[in-house]
>>> print(open('my_file.txt').read())   # compact mmCIF, C-alpha atoms
# COMPACT_ATOMS: atom_id res chain seq x y z
CA MET A 1 149.13 150.31 108.02
CA ALA A 2 147.93 146.87 106.92
CA VAL A 3 149.51 143.82 108.43
CA LYS A 4 150.93 141.40 105.92
CA LYS A 5 149.90 137.79 106.32
CA LYS A 6 152.50 135.12 106.04
CA PRO A 7 152.02 132.99 102.96
CA VAL A 8 151.21 129.37 103.75
CA GLU A 9 153.49 126.85 102.21
CA LYS A 10 151.94 124.67 99.53
CA SER A 11 153.50 121.55 100.92
CA LYS A 12 151.56 121.90 104.20
CA ILE A 13 148.24 122.38 102.36
CA THR A 14 148.76 119.49 99.99
CA ALA A 15 149.85 117.27 102.86
CA LYS A 16 146.57 118.02 104.72
CA VAL A 17 144.50 117.38 101.59
CA LYS A 18 146.26 114.07 100.95
CA LYS A 19 145.79 113.04 104.59
CA VAL A 20 142.04 113.75 104.41
CA ALA A 21 141.77 111.91 101.08
CA LYS A 22 143.50 108.86 102.51
CA THR A 23 141.16 108.66 105.51
CA ALA A 24 138.08 109.18 103.32
CA LYS A 25 138.86 106.26 101.02
CA LYS A 26 137.83 102.88 102.31
CA PRO A 27 140.02 100.02 101.18
CA THR A 28 138.38 97.74 98.66
CA ALA A 29 139.64 94.84 96.63
CA SER A 30 140.14 97.07 93.60
CA ASN A 31 142.28 99.79 95.22
CA LYS A 32 144.37 97.64 97.59
CA PRO A 33 148.01 97.42 96.60
CA LYS A 34 148.98 94.03 95.27
CA THR A 35 152.04 92.48 96.87
CA THR A 36 154.16 89.94 95.10
CA SER A 37 156.89 89.30 97.62
CA THR A 38 156.58 86.35 99.97
CA LYS A 39 157.72 88.48 102.87
CA ALA A 40 154.77 90.83 102.45
CA LYS A 41 152.39 87.87 102.19
CA SER A 42 153.69 86.33 105.39
CA VAL A 43 153.26 89.66 107.20
CA ASN A 44 149.65 89.93 105.94
CA ASN A 45 148.94 86.33 106.95
CA ALA A 46 150.37 86.92 110.39
CA LYS A 47 148.06 89.90 110.93
CA ALA A 48 144.92 88.20 109.62
CA PRO A 49 144.27 85.68 112.44
CA SER A 50 144.58 88.31 115.16
CA SER A 51 142.11 90.59 113.40
CA LYS A 52 139.68 87.70 112.92
CA THR A 53 139.81 86.69 116.55
CA ALA A 54 139.33 90.25 117.74
CA HIS A 55 136.35 90.69 115.44
CA ALA A 56 134.84 87.33 116.31
CA SER A 57 134.85 88.05 120.04
CA LYS A 58 132.58 91.09 119.66
CA PRO A 59 128.86 90.34 119.94
CA VAL A 60 126.95 91.00 116.73
CA ALA A 61 123.97 93.27 117.19
CA SER A 62 120.94 92.24 115.18
CA LYS A 63 119.56 94.95 112.97
CA LYS A 64 115.93 95.75 113.52
CA PRO A 65 113.99 96.80 110.43
CA GLU A 66 113.30 100.48 110.53
CA PRO A 67 109.64 101.45 110.25
CA ALA A 68 108.71 103.22 107.05
CA PRO A 69 108.58 106.97 107.53
CA GLU A 70 105.08 108.35 107.62
CA VAL A 71 104.10 110.31 104.57
CA SER A 72 102.45 113.61 105.29
CA LEU A 73 99.83 114.79 102.84
CA GLY A 74 99.60 118.19 104.47
CA ARG A 75 96.51 119.83 105.86
CA PRO A 76 93.30 118.04 104.74
CA LEU A 77 91.02 120.02 102.46
CA VAL A 78 87.84 118.33 103.74
CA THR A 79 86.77 117.10 107.17
CA GLN A 80 86.16 113.47 108.09
CA GLU A 81 82.46 114.20 108.44
CA GLU A 82 82.21 115.40 104.81
CA LYS A 83 79.47 113.57 102.92
CA LEU A 84 80.77 111.45 100.04
CA TYR A 85 77.78 112.14 97.81
CA MET A 86 78.71 115.83 97.87
CA LEU A 87 82.36 115.19 97.02
CA PHE A 88 81.52 112.72 94.23
CA LYS A 89 78.28 114.18 92.94
CA ASP A 90 79.50 113.92 89.33
CA ASP A 91 80.85 110.36 89.63
CA PHE A 92 77.97 107.91 89.44
CA HIS A 93 80.16 104.78 89.68
CA ALA A 94 81.93 106.02 92.81
CA ARG A 95 78.58 106.73 94.46
CA GLN A 96 77.45 103.19 93.61
CA ILE A 97 80.53 101.81 95.36
CA PHE A 98 79.84 103.95 98.44
CA GLU A 99 76.27 102.67 98.46
CA PHE A 100 77.44 99.05 98.14
CA LEU A 101 79.95 99.52 100.98
CA ARG A 102 77.29 101.37 103.02
CA VAL A 103 79.58 104.31 103.76
CA GLN A 104 78.47 107.93 103.79
CA THR A 105 81.39 109.95 105.16
CA VAL A 106 85.09 110.28 104.37
CA LYS A 107 85.93 108.82 107.79
CA GLU A 108 83.95 105.64 107.06
CA LEU A 109 85.56 105.26 103.63
CA GLU A 110 89.09 105.73 105.00
CA GLN A 111 88.69 102.51 107.01
CA TYR A 112 89.04 100.45 103.79
CA SER A 113 92.19 99.79 101.79
CA PRO A 114 92.01 99.84 97.96
CA SER A 115 92.58 96.08 97.70
CA GLN A 116 89.94 95.44 100.35
CA ILE A 117 87.39 97.50 98.38
CA VAL A 118 88.16 95.58 95.19
CA ARG A 119 87.87 92.25 97.02
CA ILE A 120 84.50 93.22 98.55
CA LEU A 121 83.14 94.50 95.24
CA SER A 122 84.30 91.52 93.18
CA LYS A 123 83.05 88.82 95.55
CA PRO A 124 79.43 88.84 94.24
CA LEU A 125 80.74 88.62 90.67
CA THR A 126 82.99 85.66 91.37
CA ASN A 127 80.21 83.89 93.27
CA THR A 128 77.79 84.43 90.39
CA VAL A 129 80.23 83.14 87.78
CA GLU A 130 80.86 80.08 89.97
CA ARG A 131 77.10 79.38 90.12
CA ILE A 132 76.87 79.74 86.33
CA ARG A 133 79.73 77.25 85.87
CA GLN A 134 78.07 74.76 88.23
CA ARG A 135 74.64 75.07 86.60
CA LEU A 136 76.12 74.57 83.13
CA ALA A 137 78.08 71.55 84.39
CA GLU A 138 74.84 70.04 85.72
CA MET A 139 73.44 70.37 82.19
CA LYS A 140 76.65 68.78 80.85
CA ARG A 141 77.69 72.04 79.24
CA SER A 142 80.59 74.42 79.94
CA LEU A 143 82.00 77.81 79.21
CA ARG A 144 84.82 78.17 76.69
CA GLU A 145 87.97 76.35 77.84
CA ASP A 146 86.20 75.26 81.05
CA GLU A 147 85.50 71.62 80.23
CA THR A 148 87.84 70.33 82.95
CA PHE A 149 85.84 72.16 85.63
CA ALA A 150 82.59 70.68 84.31
CA ALA A 151 84.04 67.15 84.24
CA ASP A 152 85.46 67.51 87.76
CA PHE A 153 82.19 68.94 89.05
CA LEU A 154 80.18 66.06 87.56
CA GLN A 155 82.58 63.49 89.02
CA THR A 156 82.45 65.00 92.53
CA ALA A 157 78.64 65.27 92.32
CA LYS A 158 78.41 61.60 91.29
CA GLN A 159 80.67 60.53 94.20
CA ALA A 160 78.64 62.58 96.67
CA GLY A 161 75.46 60.95 95.43
CA HIS A 162 73.89 64.12 94.06
CA ARG A 163 71.82 63.91 90.93
CA PRO A 164 73.57 65.94 88.20
>>> encode(input="my_file.txt", output="structure tokens")
Amino acid sequence: MAVKKKPVEKSKITAKVKKVAKTAKKPTASNKPKTTSTKAKSVNNAKAPSSKTAHASKPVASKKPEPAPEVSLGRPLVTQEEKLYMLFKDDFHARQIFEFLRVQTVKELEQYSPSQIVRILSKPLTNTVERIRQRLAEMKRSLREDETFAADFLQTAKQAGHRP
């Protein structure tokens, strides 16, 4: 014969749910009850200094920035000793960059960051453009919208005693 279970009263269940809901909510300015009586205000004011002094006496621990979690790419599909010219045999421009950087393996290439590669590759271009600007300034000419550089260059060359 089956044993009958006693039915649980709804009031006990709802009381537990309400109790859990009350503890889960954190008081904020929007859900705090507003008091209008002066008696309630004086009670709140009386409690406030004691809570401030108790909180102020605790030492504040400084938060250390958490290091960024390492991203895992999974198992590598090529070894570090893999030759770059084999991986990029169809990409002529990439092979030119590897030649300029004087790297031959994946391991050697991984030592550079993307911004570092761009900086290394663009340095000869910026130096060449700078020489062009200076040579044109010596001839009292300039590139478009670059007259101020030419004038400044001529003035500094005159002060230094160089023949423009």
>>> closest_residue(input="my_file.txt", among="A:Phe153, A:Phe88, A:Val78, A:Pro114", to="Arg131 in chain A", atoms="only C-alpha atoms")
A:Phe153
>>> closest_residue(input="my_file.txt", among="A:Ala68, A:Leu121, A:Val106, A:Ile97", to="Gln80 in chain A", atoms="all atoms listed in the file")
A:Val106
>>> residues_around(input="my_file.txt", residues="Leu136 in chain A", least_positions_apart="4", cutoff="12 Å", atoms="all atoms listed in the file", output="list in words")
Val129, Glu130, Arg131, Ile132, Lys140, Arg141, Ser142, Leu143, Arg144, Asp146, Glu147, Phe149, Ala150, Ala151, Phe153, Leu154 and Pro164 of chain A
>>> atom_distance(input="my_file.txt", atom1="CA of Val103 in chain A", atom2="CA of Leu77 in chain A")
19.5 Å
>>> atom_distance(input="my_file.txt", atom1="CA of Lys83 in chain A", atom2="CA of Gln104 in chain A")
5.8 Å
>>> axis_aligned_box(input="my_file.txt", around="range 82-91 of chain A", padding_each_side="8 Å", output="lines of an AutoDock Vina configuration file")
center_x = 80.1
center_y = 113.1
center_z = 97.1
size_x = 20.6
size_y = 21.5
size_z = 31.5
>>> atom_distance(input="my_file.txt", atom1="CA of Thr156 in chain A", atom2="CA of Glu138 in chain A")
11.4 Å
